[in-house]
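Visitor: The following block contains the structure, expressed as structure tokens.
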Amino acid sequence: MPLLLRNQVLEMFDHAYQNYMDHAYPADELMPLTCRGRVRGLEPSRGDVDDALGKFSLTLIDTLDTLALLNKMAEFEEAVRRVVTDVRLDNDIVVSVFETNIRVLGGLLGGHSMAVMLKESGRMVWYQDELLHMAKDLGLRLLPAFNTSSGLPYPRVNLRFGVRGPETRTGTETDTCTACAGTIILEFAALSRFTGDPTFEAHARRALDFLWEKRQRNSNLVGTTINIHSGEWIRRDSGVGAGIDSYYEYLMKAYILLGDDQFLQRFNTHYASIMKYISQPPLLLDVHIHKPLLPARTWMDSLLAFFPGLQVLKGDIRPAIETHEMLYQVTKKHNFLPEAFTTDFRVHWAQHPLRPEFAESTYFLYKATRDPYYLEVGRTILENLNRFARVPCGFAAMKDVRTGSHEDRMDSFFLAEMFKYLFLLFAEEEDLPFNVEDYVFTTEAHLLPLSLSTASNSQAAKLFVYFKSIKYFMANNPEHLELLRRMGVSLIHLKDGRVQLVQHATQAVSAVAAEDGMRFMQEMMELSSQQQKEQLPPRAVQIVSHPFFGRVVLTAGPAQFGMDLYKSNSGVRGFVTVAEPYNGCSVLSNGEIVAGRIALLQRGQCMFAEKARHIQKAGAIGGIVIDDNEGSSSDTAPLFQMAGDGRNTDDVTLPLLFLFHKEGNILLEALKEYREVEVLLSDKARDRGEMLSETEPRHEYEKMLIFEEGGTRFTTQEQTTDDSVEPAVDGDYSSQSDDSLVADWQEDLEAFKQMEKDEL
């Protein structure tokens, strides 16, 4: 499947890019409904959105490193030649400092990074840093915007005349958004380090310092709009979406790229407040910075869809999964994320300009978990783009997701970001022309090399962030292992799939490297401690009926709603039955059978709380959701916790547990073989002696034990040893003795107890 989807991404990119080149270039953007270019001043003004257009072939510059990543090297080389030859940056035009920085300056720097890489490999030998020269020219044209007493930039600048004087037609603004002022550091720092001119990075740092100083000291949150002269907050609502989003992103990524601890410390301070006040799993709702317990609105905007991806980078996977799942449910309901939507998933603003943030988070979550579920999410994104947004001359933004009407618009970020993340989602390692782990993605998905860092702790910073994003990022990467080795850190793979770090300072290549290694180890120990505190213990699904009698214990994930089995002494015991429909997303057709039993459900199609409500209405006493991703297992995946649906879930009173596919299949196979299977849902495994139902005589239980010890296969009085069937557990046990079976089950039970003890 990934190969077909990867090829589909390439075909879709070609459709969008070629139509831009055929019908729009050298205009900034393609108008896909009328098959022509959008030239500012020739089309009716769209207000602030037009500030991204500067008559500098925006879409081509924004697409440069996408061409390289998608291995379209001939097209990339031709595009670089066109940019160098055709694009002018000295236009008498007023542009957004923020948009020009992330799209054009970022695009030129990303293109330069790719061109240098190709030149080093023997291609594009003619390239003489032309894109970098253009980037510096543009950087100098943006610098006048930073000439304020606070260091915060004006929101707009005239590319030819700056911000002062009547000819600039700008410079009178007093306010800017937090993201507009706080999303400069990556591009400006990269420009400084590529050129050796520290001016750009210094201005970007000054703006970030001012925003940090102006944070609300009690809540540690920032507002959405700030006065660039006084620093007074104009809009005091705070969230992670429009107006603030990439400020948080750039604090974390500045730490990754530049290795400066200050950025990480600031990010962590903000992040703790976000999770305390704004995060209401799975929702992210704006609050007031001075009264953070008071909601500022009851709807969310689509730009917050980037946040699960940032949480992956932070290493906080569980809430990332929860929020992403909520966003996916909104997407499935409306085909796309509306620009804004309510807490019950109704449309608030109906437009959708083909934003890439949800695809971005999908990619990072897949990279973090390797859960094929996210490949299915990606396929949904692809199918919806082709079904609803594709037009003969490209892809058109949705004017209204409810009606499917289009807008004559294809923003440059669609080519810069959407196709990068979708390609990376489906591509295999051998499909990529370079190692993306050697780069940081800007907010526009432009690629800046981590080698730009000059800080002595850059190696530790890079590895720390990758470790925080789960071990797959680097555990088998020779380059990262080499960086560890240089710091005197060795990595040991444990039998349970985890990795252990050990440092011997004497084995480091230098005293500085040893100090880096010590800092890295301290950070990792702090992270490990934090994650252990946050991780909830697993629950147990114990098969208690004949012939299992409690020997088979399946590790289960809890729900954030319904009965808390951790507070229940006895748990919930009952026979299982498969719900119809299996996904549990509508009224059950076999409600009379489910009543008084524990319902088995399949993951997907609707929110977990909705499943719980349907089986509860049918009279079920509990529910078990089984993962539909074949091969998933609690052995290899982190504990999964089911989130609510954004509404009050106090009405759900039954317990709901989650089993990965491997464990769920054990239960389903047992049901297939024995028809009547009784389980106990509890916070931990119970002793076998506690498994007897009140109606089962003790001597019958002892009789069964004698049968086992005597070497006879499991049987009942109605069965003979010749036609009996052994319990369905992992592996082929047909040739095993009963003693080894008992030993295996005892080992499983001990392993579960150990997991519970470790709070895994």
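Chain labels A, B, ... are given in the sequence in which chains occur in the structure tokens; within each chain residues are numbered consecutively from 1, and ligands are likewise numbered from 1 in the order shown.
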Quick one: residues within 8 Å of Gly622 in chain A, only C-alpha atoms counted, chain neighbours fewer than 4 positions away excluded, as a PyMOL selection string?
Guide: chain A and resi 572+597-599+615-616+654-656
Visitor: Store the residues of this selection in a file with all heavy atoms, as a PDB file, in the first residue's frame.
Guide:
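Dumped everything to again.pdb:
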```pdb
ATOM      1  N   VAL A 572     -14.994  -6.037  36.689  1.00  0.00           N
ATOM      2  CA  VAL A 572     -16.247  -6.404  36.032  1.00  0.00           C
ATOM      3  C   VAL A 572     -16.031  -7.724  35.307  1.00  0.00           C
ATOM      4  O   VAL A 572     -15.118  -7.853  34.498  1.00  0.00           O
ATOM      5  CB  VAL A 572     -16.699  -5.318  35.036  1.00  0.00           C
ATOM      6  CG1 VAL A 572     -17.880  -5.809  34.215  1.00  0.00           C
ATOM      7  CG2 VAL A 572     -17.056  -4.036  35.778  1.00  0.00           C
ATOM      8  N   ARG A 597     -23.689  -8.486  28.934  1.00  0.00           N
ATOM      9  CA  ARG A 597     -22.397  -9.051  28.551  1.00  0.00           C
ATOM     10  C   ARG A 597     -21.364  -7.944  28.309  1.00  0.00           C
ATOM     11  O   ARG A 597     -21.688  -6.756  28.343  1.00  0.00           O
ATOM     12  CB  ARG A 597     -22.542  -9.902  27.276  1.00  0.00           C
ATOM     13  CG  ARG A 597     -23.313 -11.201  27.518  1.00  0.00           C
ATOM     14  CD  ARG A 597     -23.485 -11.999  26.237  1.00  0.00           C
ATOM     15  NE  ARG A 597     -23.992 -13.343  26.519  1.00  0.00           N
ATOM     16  CZ  ARG A 597     -23.320 -14.463  26.297  1.00  0.00           C
ATOM     17  NH1 ARG A 597     -22.099 -14.395  25.776  1.00  0.00           N
ATOM     18  NH2 ARG A 597     -23.841 -15.635  26.588  1.00  0.00           N
ATOM     19  N   ILE A 598     -20.148  -8.357  28.012  1.00  0.00           N
ATOM     20  CA  ILE A 598     -19.069  -7.432  27.669  1.00  0.00           C
ATOM     21  C   ILE A 598     -18.926  -7.435  26.148  1.00  0.00           C
ATOM     22  O   ILE A 598     -18.681  -8.491  25.548  1.00  0.00           O
ATOM     23  CB  ILE A 598     -17.754  -7.835  28.359  1.00  0.00           C
ATOM     24  CG1 ILE A 598     -17.905  -7.709  29.883  1.00  0.00           C
ATOM     25  CG2 ILE A 598     -16.591  -6.991  27.854  1.00  0.00           C
ATOM     26  CD1 ILE A 598     -16.730  -8.269  30.662  1.00  0.00           C
ATOM     27  N   ALA A 599     -19.115  -6.289  25.541  1.00  0.00           N
ATOM     28  CA  ALA A 599     -19.138  -6.197  24.084  1.00  0.00           C
ATOM     29  C   ALA A 599     -17.731  -6.031  23.522  1.00  0.00           C
ATOM     30  O   ALA A 599     -16.910  -5.283  24.059  1.00  0.00           O
ATOM     31  CB  ALA A 599     -20.008  -5.021  23.654  1.00  0.00           C
ATOM     32  N   ILE A 615     -23.037   0.657  23.258  1.00  0.00           N
ATOM     33  CA  ILE A 615     -23.124  -0.652  23.931  1.00  0.00           C
ATOM     34  C   ILE A 615     -23.785  -0.504  25.298  1.00  0.00           C
ATOM     35  O   ILE A 615     -24.475  -1.420  25.759  1.00  0.00           O
ATOM     36  CB  ILE A 615     -21.742  -1.325  24.050  1.00  0.00           C
ATOM     37  CG1 ILE A 615     -20.776  -0.500  24.911  1.00  0.00           C
ATOM     38  CG2 ILE A 615     -21.137  -1.567  22.662  1.00  0.00           C
ATOM     39  CD1 ILE A 615     -19.469  -1.226  25.236  1.00  0.00           C
ATOM     40  N   GLN A 616     -23.574   0.640  25.944  1.00  0.00           N
ATOM     41  CA  GLN A 616     -24.236   0.867  27.234  1.00  0.00           C
ATOM     42  C   GLN A 616     -25.745   0.939  27.050  1.00  0.00           C
ATOM     43  O   GLN A 616     -26.512   0.388  27.857  1.00  0.00           O
ATOM     44  CB  GLN A 616     -23.709   2.160  27.866  1.00  0.00           C
ATOM     45  CG  GLN A 616     -24.315   2.466  29.228  1.00  0.00           C
ATOM     46  CD  GLN A 616     -23.619   3.629  29.906  1.00  0.00           C
ATOM     47  OE1 GLN A 616     -22.502   3.498  30.388  1.00  0.00           O
ATOM     48  NE2 GLN A 616     -24.273   4.786  29.943  1.00  0.00           N
ATOM     49  N   LEU A 654     -19.989   2.410  32.242  1.00  0.00           N
ATOM     50  CA  LEU A 654     -19.376   1.076  32.148  1.00  0.00           C
ATOM     51  C   LEU A 654     -17.888   1.210  31.866  1.00  0.00           C
ATOM     52  O   LEU A 654     -17.410   2.247  31.406  1.00  0.00           O
ATOM     53  CB  LEU A 654     -20.066   0.232  31.078  1.00  0.00           C
ATOM     54  CG  LEU A 654     -20.253   0.768  29.639  1.00  0.00           C
ATOM     55  CD1 LEU A 654     -18.953   0.952  28.908  1.00  0.00           C
ATOM     56  CD2 LEU A 654     -21.171  -0.158  28.863  1.00  0.00           C
ATOM     57  N   PRO A 655     -17.099   0.163  32.131  1.00  0.00           N
ATOM     58  CA  PRO A 655     -15.666   0.210  31.833  1.00  0.00           C
ATOM     59  C   PRO A 655     -15.409  -0.109  30.352  1.00  0.00           C
ATOM     60  O   PRO A 655     -16.080  -0.957  29.763  1.00  0.00           O
ATOM     61  CB  PRO A 655     -15.086  -0.883  32.733  1.00  0.00           C
ATOM     62  CG  PRO A 655     -16.199  -1.882  32.856  1.00  0.00           C
ATOM     63  CD  PRO A 655     -17.480  -1.079  32.831  1.00  0.00           C
ATOM     64  N   LEU A 656     -14.435   0.592  29.768  1.00  0.00           N
ATOM     65  CA  LEU A 656     -14.028   0.350  28.389  1.00  0.00           C
ATOM     66  C   LEU A 656     -12.515   0.190  28.371  1.00  0.00           C
ATOM     67  O   LEU A 656     -11.793   1.041  28.889  1.00  0.00           O
ATOM     68  CB  LEU A 656     -14.451   1.520  27.495  1.00  0.00           C
ATOM     69  CG  LEU A 656     -14.376   1.281  25.986  1.00  0.00           C
ATOM     70  CD1 LEU A 656     -15.466   0.300  25.544  1.00  0.00           C
ATOM     71  CD2 LEU A 656     -14.515   2.595  25.220  1.00  0.00           C
TER      72      LEU A 656
END
```
Visitor: To test your reading of the structure, identify every residue in range 128-270 of chain A that backbone DSSP assigns to alpha helix (DSSP H), and report it as an mmCIF file with N, CA and C atoms, in the first residue's frame.
Guide:
```cif
data_model
loop_
_atom_site.group_PDB
_atom_site.id
_atom_site.type_symbol
_atom_site.label_atom_id
_atom_site.label_comp_id
_atom_site.auth_asym_id
_atom_site.auth_seq_id
_atom_site.Cartn_x
_atom_site.Cartn_y
_atom_site.Cartn_z
ATOM 1 N N GLU A 130 24.104 31.239 -5.523
ATOM 2 C CA GLU A 130 23.220 32.307 -5.993
ATOM 3 C C GLU A 130 21.974 32.449 -5.119
ATOM 4 N N LEU A 131 21.392 31.343 -4.692
ATOM 5 C CA LEU A 131 20.192 31.426 -3.848
ATOM 6 C C LEU A 131 20.523 32.044 -2.497
ATOM 7 N N LEU A 132 21.710 31.757 -1.979
ATOM 8 C CA LEU A 132 22.113 32.349 -0.700
ATOM 9 C C LEU A 132 22.295 33.859 -0.843
ATOM 10 N N HIS A 133 22.861 34.296 -1.945
ATOM 11 C CA HIS A 133 23.007 35.733 -2.182
ATOM 12 C C HIS A 133 21.639 36.405 -2.237
ATOM 13 N N MET A 134 20.684 35.750 -2.891
ATOM 14 C CA MET A 134 19.328 36.290 -2.937
ATOM 15 C C MET A 134 18.709 36.318 -1.536
ATOM 16 N N ALA A 135 18.990 35.281 -0.752
ATOM 17 C CA ALA A 135 18.450 35.224 0.605
ATOM 18 C C ALA A 135 18.993 36.373 1.444
ATOM 19 N N LYS A 136 20.267 36.673 1.309
ATOM 20 C CA LYS A 136 20.828 37.784 2.076
ATOM 21 C C LYS A 136 20.236 39.107 1.613
ATOM 22 N N ASP A 137 20.066 39.263 0.311
ATOM 23 C CA ASP A 137 19.430 40.464 -0.225
ATOM 24 C C ASP A 137 18.042 40.634 0.386
ATOM 25 N N LEU A 138 17.277 39.549 0.436
ATOM 26 C CA LEU A 138 15.933 39.622 1.004
ATOM 27 C C LEU A 138 15.991 39.903 2.507
ATOM 28 N N GLY A 139 16.919 39.255 3.197
ATOM 29 C CA GLY A 139 17.061 39.494 4.628
ATOM 30 C C GLY A 139 17.329 40.959 4.926
ATOM 31 N N LEU A 140 18.176 41.585 4.133
ATOM 32 C CA LEU A 140 18.470 43.009 4.312
ATOM 33 C C LEU A 140 17.233 43.866 4.058
ATOM 34 N N ARG A 141 16.370 43.431 3.146
ATOM 35 C CA ARG A 141 15.138 44.176 2.854
ATOM 36 C C ARG A 141 14.099 44.012 3.971
ATOM 37 N N LEU A 142 14.205 42.930 4.733
ATOM 38 C CA LEU A 142 13.294 42.731 5.858
ATOM 39 C C LEU A 142 13.781 43.435 7.131
ATOM 40 N N THR A 178 1.705 37.388 17.863
ATOM 41 C CA THR A 178 2.834 36.763 18.555
ATOM 42 C C THR A 178 3.625 35.866 17.615
ATOM 43 N N ALA A 179 2.921 35.085 16.813
ATOM 44 C CA ALA A 179 3.608 34.221 15.852
ATOM 45 C C ALA A 179 4.354 35.049 14.815
ATOM 46 N N CYS A 180 3.779 36.191 14.415
ATOM 47 C CA CYS A 180 4.418 37.027 13.395
ATOM 48 C C CYS A 180 5.778 37.524 13.866
ATOM 49 N N ALA A 181 5.887 37.846 15.148
ATOM 50 C CA ALA A 181 7.151 38.346 15.697
ATOM 51 C C ALA A 181 8.053 37.228 16.184
ATOM 52 N N GLY A 182 7.461 36.079 16.517
ATOM 53 C CA GLY A 182 8.218 34.990 17.139
ATOM 54 C C GLY A 182 8.564 33.846 16.213
ATOM 55 N N ILE A 185 13.349 33.232 14.036
ATOM 56 C CA ILE A 185 14.674 32.817 14.482
ATOM 57 C C ILE A 185 15.309 31.750 13.592
ATOM 58 N N LEU A 186 14.568 30.786 13.105
ATOM 59 C CA LEU A 186 15.194 29.712 12.316
ATOM 60 C C LEU A 186 15.785 30.259 11.021
ATOM 61 N N GLU A 187 14.992 31.029 10.280
ATOM 62 C CA GLU A 187 15.460 31.539 8.989
ATOM 63 C C GLU A 187 16.575 32.569 9.171
ATOM 64 N N PHE A 188 16.407 33.499 10.137
ATOM 65 C CA PHE A 188 17.417 34.539 10.334
ATOM 66 C C PHE A 188 18.710 33.958 10.904
ATOM 67 N N ALA A 189 18.598 32.996 11.809
ATOM 68 C CA ALA A 189 19.811 32.375 12.351
ATOM 69 C C ALA A 189 20.527 31.577 11.263
ATOM 70 N N ALA A 190 19.764 30.864 10.443
ATOM 71 C CA ALA A 190 20.378 30.110 9.341
ATOM 72 C C ALA A 190 21.076 31.060 8.373
ATOM 73 N N LEU A 191 20.427 32.189 8.086
ATOM 74 C CA LEU A 191 21.028 33.168 7.179
ATOM 75 C C LEU A 191 22.333 33.706 7.775
ATOM 76 N N SER A 192 22.333 34.013 9.054
ATOM 77 C CA SER A 192 23.559 34.486 9.706
ATOM 78 C C SER A 192 24.659 33.445 9.639
ATOM 79 N N ARG A 193 24.323 32.209 9.849
ATOM 80 C CA ARG A 193 25.350 31.171 9.916
ATOM 81 C C ARG A 193 25.827 30.748 8.530
ATOM 82 N N PHE A 194 24.942 30.833 7.546
ATOM 83 C CA PHE A 194 25.375 30.577 6.172
ATOM 84 C C PHE A 194 26.306 31.688 5.672
ATOM 85 N N THR A 195 26.019 32.944 6.055
ATOM 86 C CA THR A 195 26.757 34.085 5.500
ATOM 87 C C THR A 195 27.860 34.603 6.409
ATOM 88 N N THR A 199 24.067 39.766 12.198
ATOM 89 C CA THR A 199 23.019 40.775 12.371
ATOM 90 C C THR A 199 21.627 40.160 12.393
ATOM 91 N N PHE A 200 21.370 39.268 11.469
ATOM 92 C CA PHE A 200 20.018 38.712 11.321
ATOM 93 C C PHE A 200 19.612 37.922 12.573
ATOM 94 N N GLU A 201 20.483 37.025 13.005
ATOM 95 C CA GLU A 201 20.176 36.214 14.182
ATOM 96 C C GLU A 201 19.980 37.089 15.416
ATOM 97 N N ALA A 202 20.774 38.148 15.542
ATOM 98 C CA ALA A 202 20.661 39.034 16.698
ATOM 99 C C ALA A 202 19.289 39.696 16.756
ATOM 100 N N HIS A 203 18.777 40.131 15.610
ATOM 101 C CA HIS A 203 17.453 40.760 15.582
ATOM 102 C C HIS A 203 16.356 39.759 15.946
ATOM 103 N N ALA A 204 16.468 38.556 15.443
ATOM 104 C CA ALA A 204 15.453 37.542 15.737
ATOM 105 C C ALA A 204 15.475 37.169 17.214
ATOM 106 N N ARG A 205 16.666 37.057 17.796
ATOM 107 C CA ARG A 205 16.776 36.739 19.220
ATOM 108 C C ARG A 205 16.185 37.864 20.072
ATOM 109 N N ARG A 206 16.424 39.109 19.673
ATOM 110 C CA ARG A 206 15.911 40.232 20.444
ATOM 111 C C ARG A 206 14.381 40.203 20.480
ATOM 112 N N ALA A 207 13.760 39.880 19.339
ATOM 113 C CA ALA A 207 12.299 39.803 19.292
ATOM 114 C C ALA A 207 11.785 38.693 20.210
ATOM 115 N N LEU A 208 12.444 37.539 20.190
ATOM 116 C CA LEU A 208 12.036 36.440 21.063
ATOM 117 C C LEU A 208 12.227 36.799 22.534
ATOM 118 N N ASP A 209 13.325 37.457 22.846
ATOM 119 C CA ASP A 209 13.577 37.866 24.234
ATOM 120 C C ASP A 209 12.466 38.785 24.736
ATOM 121 N N PHE A 210 12.011 39.709 23.873
ATOM 122 C CA PHE A 210 10.984 40.654 24.291
ATOM 123 C C PHE A 210 9.663 39.930 24.545
ATOM 124 N N LEU A 211 9.303 39.002 23.668
ATOM 125 C CA LEU A 211 8.072 38.233 23.869
ATOM 126 C C LEU A 211 8.131 37.450 25.170
ATOM 127 N N TRP A 212 9.276 36.864 25.456
ATOM 128 C CA TRP A 212 9.426 36.097 26.692
ATOM 129 C C TRP A 212 9.253 36.994 27.912
ATOM 130 N N GLU A 213 9.832 38.169 27.860
ATOM 131 C CA GLU A 213 9.715 39.097 28.979
ATOM 132 C C GLU A 213 8.273 39.549 29.191
ATOM 133 N N ASP A 245 0.681 29.950 17.230
ATOM 134 C CA ASP A 245 1.161 28.603 16.918
ATOM 135 C C ASP A 245 2.673 28.451 16.736
ATOM 136 N N SER A 246 3.228 29.082 15.713
ATOM 137 C CA SER A 246 4.627 28.823 15.378
ATOM 138 C C SER A 246 5.616 29.507 16.309
ATOM 139 N N TYR A 247 5.156 30.397 17.189
ATOM 140 C CA TYR A 247 6.042 30.922 18.241
ATOM 141 C C TYR A 247 6.528 29.777 19.118
ATOM 142 N N TYR A 248 5.600 28.933 19.555
ATOM 143 C CA TYR A 248 5.980 27.774 20.365
ATOM 144 C C TYR A 248 6.841 26.809 19.553
ATOM 145 N N GLU A 249 6.452 26.589 18.315
ATOM 146 C CA GLU A 249 7.194 25.678 17.443
ATOM 147 C C GLU A 249 8.651 26.118 17.311
ATOM 148 N N TYR A 250 8.869 27.432 17.164
ATOM 149 C CA TYR A 250 10.222 27.914 16.908
ATOM 150 C C TYR A 250 11.089 27.930 18.164
ATOM 151 N N LEU A 251 10.494 28.003 19.335
ATOM 152 C CA LEU A 251 11.297 27.858 20.548
ATOM 153 C C LEU A 251 11.910 26.465 20.610
ATOM 154 N N MET A 252 11.091 25.450 20.365
ATOM 155 C CA MET A 252 11.597 24.080 20.389
ATOM 156 C C MET A 252 12.608 23.836 19.263
ATOM 157 N N LYS A 253 12.272 24.281 18.061
ATOM 158 C CA LYS A 253 13.144 23.990 16.922
ATOM 159 C C LYS A 253 14.410 24.837 16.940
ATOM 160 N N ALA A 254 14.365 26.025 17.563
ATOM 161 C CA ALA A 254 15.588 26.805 17.713
ATOM 162 C C ALA A 254 16.568 26.073 18.616
ATOM 163 N N TYR A 255 16.035 25.376 19.621
ATOM 164 C CA TYR A 255 16.899 24.562 20.477
ATOM 165 C C TYR A 255 17.537 23.431 19.673
ATOM 166 N N ILE A 256 16.733 22.807 18.819
ATOM 167 C CA ILE A 256 17.257 21.704 18.011
ATOM 168 C C ILE A 256 18.333 22.196 17.053
ATOM 169 N N LEU A 257 18.054 23.308 16.359
ATOM 170 C CA LEU A 257 18.969 23.795 15.329
ATOM 171 C C LEU A 257 20.197 24.468 15.929
ATOM 172 N N LEU A 258 20.004 25.239 16.988
ATOM 173 C CA LEU A 258 21.076 26.093 17.488
ATOM 174 C C LEU A 258 21.725 25.560 18.759
ATOM 175 N N ASP A 261 20.264 26.151 25.241
ATOM 176 C CA ASP A 261 19.379 25.672 26.305
ATOM 177 C C ASP A 261 18.250 26.645 26.622
ATOM 178 N N GLN A 262 18.503 27.916 26.460
ATOM 179 C CA GLN A 262 17.518 28.934 26.820
ATOM 180 C C GLN A 262 16.209 28.724 26.075
ATOM 181 N N PHE A 263 16.311 28.336 24.823
ATOM 182 C CA PHE A 263 15.099 28.126 24.034
ATOM 183 C C PHE A 263 14.296 26.943 24.569
ATOM 184 N N LEU A 264 14.983 25.872 24.945
ATOM 185 C CA LEU A 264 14.290 24.701 25.478
ATOM 186 C C LEU A 264 13.641 25.025 26.818
ATOM 187 N N GLN A 265 14.339 25.761 27.663
ATOM 188 C CA GLN A 265 13.779 26.118 28.966
ATOM 189 C C GLN A 265 12.507 26.947 28.806
ATOM 190 N N ARG A 266 12.540 27.883 27.877
ATOM 191 C CA ARG A 266 11.358 28.709 27.640
ATOM 192 C C ARG A 266 10.214 27.861 27.094
ATOM 193 N N PHE A 267 10.546 26.999 26.151
ATOM 194 C CA PHE A 267 9.502 26.138 25.593
ATOM 195 C C PHE A 267 8.869 25.277 26.682
ATOM 196 N N ASN A 268 9.688 24.666 27.511
ATOM 197 C CA ASN A 268 9.162 23.791 28.558
ATOM 198 C C ASN A 268 8.268 24.548 29.532
ATOM 199 N N THR A 269 8.632 25.786 29.843
ATOM 200 C CA THR A 269 7.803 26.601 30.731
ATOM 201 C C THR A 269 6.439 26.857 30.101
ATOM 202 N N HIS A 270 6.456 27.272 28.841
ATOM 203 C CA HIS A 270 5.190 27.498 28.135
ATOM 204 C C HIS A 270 4.390 26.199 28.023
#
```
Visitor: Which of these residues is nearest to Ala350 in chain A, using only C-alpha atoms: A:Ala242, A:Leu375, A:Ala559, A:Val401?
Guide: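 Closest candidate: A:Val401.
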Visitor: Within 10 Å of range 534-553 of chain A, which residues of range 587-654 of chain A come that close, and what is the closest atom pair and distance in Å for each? Count only C-alpha atoms and give it as CSV.
Guide:
```
residue,atom,partner,partner_atom,distance
A:Ile624,CA,A:Val541,CA,8.8
A:Pro638,CA,A:Gln535,CA,9.6
A:Leu639,CA,A:Pro538,CA,7.1
A:Phe640,CA,A:Pro538,CA,8.9
A:Gln641,CA,A:Leu536,CA,8.4
```
Visitor: With only C-alpha atoms as the counted atoms, please give the residues lying no more than 6 Å from range 439-454 of chain A, apart from itself and same-chain residues fewer than 2 positions off, as a PyMOL selection string.
Guide: chain A and resi 102+106+110+257-258+417+436-437
Visitor: When you look at Ile626 in chain A with a cut-off of 8 Å (counting only C-alpha atoms), what residues show up, excluding the ones that are within fewer than 4 positions of it in the same chain? I need them as a list in words.
Guide: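 Here the qualifying residues turn out to be Leu600, Leu601, Gln602, Arg603, Phe658, Leu659, Phe660, His661 and Gly664 of chain A.
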Visitor: Residues as selected, N, CA and C atoms, written as a CSV table (one decimal), in the first residue's frame, can you do that?
Guide:
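Okay, this is what ended up in selection_30.csv:
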```
chain,number,residue,atom,x,y,z
A,600,LEU,N,-17.5,-6.7,22.4
A,600,LEU,CA,-16.2,-6.6,21.7
A,600,LEU,C,-16.5,-5.7,20.5
A,601,LEU,N,-15.6,-4.7,20.3
A,601,LEU,CA,-15.8,-3.7,19.3
A,601,LEU,C,-14.5,-3.5,18.5
A,602,GLN,N,-14.6,-3.0,17.3
A,602,GLN,CA,-13.4,-2.7,16.5
A,602,GLN,C,-13.1,-1.2,16.6
A,603,ARG,N,-11.8,-0.9,16.6
A,603,ARG,CA,-11.4,0.5,16.6
A,603,ARG,C,-11.7,1.2,15.3
A,658,PHE,N,-8.9,-1.1,26.0
A,658,PHE,CA,-8.4,-1.2,24.6
A,658,PHE,C,-7.3,-2.3,24.5
A,659,LEU,N,-7.5,-3.2,23.5
A,659,LEU,CA,-6.5,-4.2,23.2
A,659,LEU,C,-5.9,-4.0,21.9
A,660,PHE,N,-4.6,-4.1,21.8
A,660,PHE,CA,-3.9,-4.1,20.5
A,660,PHE,C,-4.3,-5.4,19.7
A,661,HIS,N,-4.0,-5.4,18.4
A,661,HIS,CA,-4.5,-6.4,17.5
A,661,HIS,C,-4.1,-7.8,18.0
A,664,GLY,N,-6.0,-8.7,21.1
A,664,GLY,CA,-7.4,-8.8,20.7
A,664,GLY,C,-7.7,-10.1,20.0
```
Visitor: Nearest to Thr636 in chain A: which of A:Asp371, A:Glu428, A:Asp683, A:Glu120 is it, counting only C-alpha atoms?
Guide: A:Asp371
Visitor: How close does each residue of range 133-193 of chain A get to range 84-92 of chain A, giving the shortest atom pair and distance in Å to one decimal for every residue with an atom at most 7 Å away, counting only C-alpha atoms, sorted by chain and residue number, as a tab-separated table?
Guide:
```
residue	atom	partner	partner_atom	distance
A:Leu138	CA	A:Leu89	CA	6.7
A:Asn158	CA	A:Asp92	CA	6.4
A:Leu159	CA	A:Asp90	CA	5.7
A:Arg160	CA	A:Asp90	CA	5.0
```
Visitor: If we count only C-alpha atoms, what is near range 217-234 of chain A at a cut-off of 9 Å, once residues fewer than 6 positions away on the same chain are taken out, given as number ranges by chain?
Guide: A: 148-154, 173-179, 181, 210-211, 242-244, 269-270, 272-274, 277, 288-292
Visitor: I'd like the contact shell of Arg81 in chain A - 12 Å cut-off, only C-alpha atoms, skipping same-chain residues fewer than 2 positions apart - returned as a PyMOL selection string.
Guide: chain A and resi 60-61+64+74-79+83-87+111-112+115+124+126-131
Visitor: Okay, now the selection with C-alpha atoms, as a short mmCIF file (atom, residue, chain, number, x, y, z; two decimals), in the first residue's frame?
Guide:
```
data_model
loop_
_atom_site.label_atom_id
_atom_site.label_comp_id
_atom_site.auth_asym_id
_atom_site.auth_seq_id
_atom_site.Cartn_x
_atom_site.Cartn_y
_atom_site.Cartn_z
CA LEU A 60 8.27 28.44 -7.30
CA ILE A 61 10.56 29.57 -4.46
CA LEU A 64 12.30 24.37 -4.41
CA ALA A 74 16.19 17.81 -13.07
CA GLU A 75 13.12 19.90 -12.23
CA PHE A 76 14.88 21.25 -9.14
CA GLU A 77 17.91 22.36 -11.11
CA GLU A 78 15.73 24.02 -13.73
CA ALA A 79 13.69 25.75 -11.01
CA VAL A 83 14.65 31.74 -9.74
CA VAL A 84 18.19 33.04 -10.18
CA THR A 85 17.45 34.44 -13.64
CA ASP A 86 13.87 35.71 -13.36
CA VAL A 87 13.05 36.69 -9.78
CA GLY A 111 16.79 25.56 -1.92
CA HIS A 112 20.36 26.61 -1.18
CA ALA A 115 21.78 22.83 -4.13
CA MET A 124 24.85 21.32 -10.24
CA TRP A 126 27.67 25.45 -11.82
CA TYR A 127 25.96 26.58 -8.62
CA GLN A 128 27.83 29.41 -6.86
CA ASP A 129 25.56 30.18 -3.87
CA GLU A 130 23.22 32.31 -5.99
CA LEU A 131 20.19 31.43 -3.85
#
```
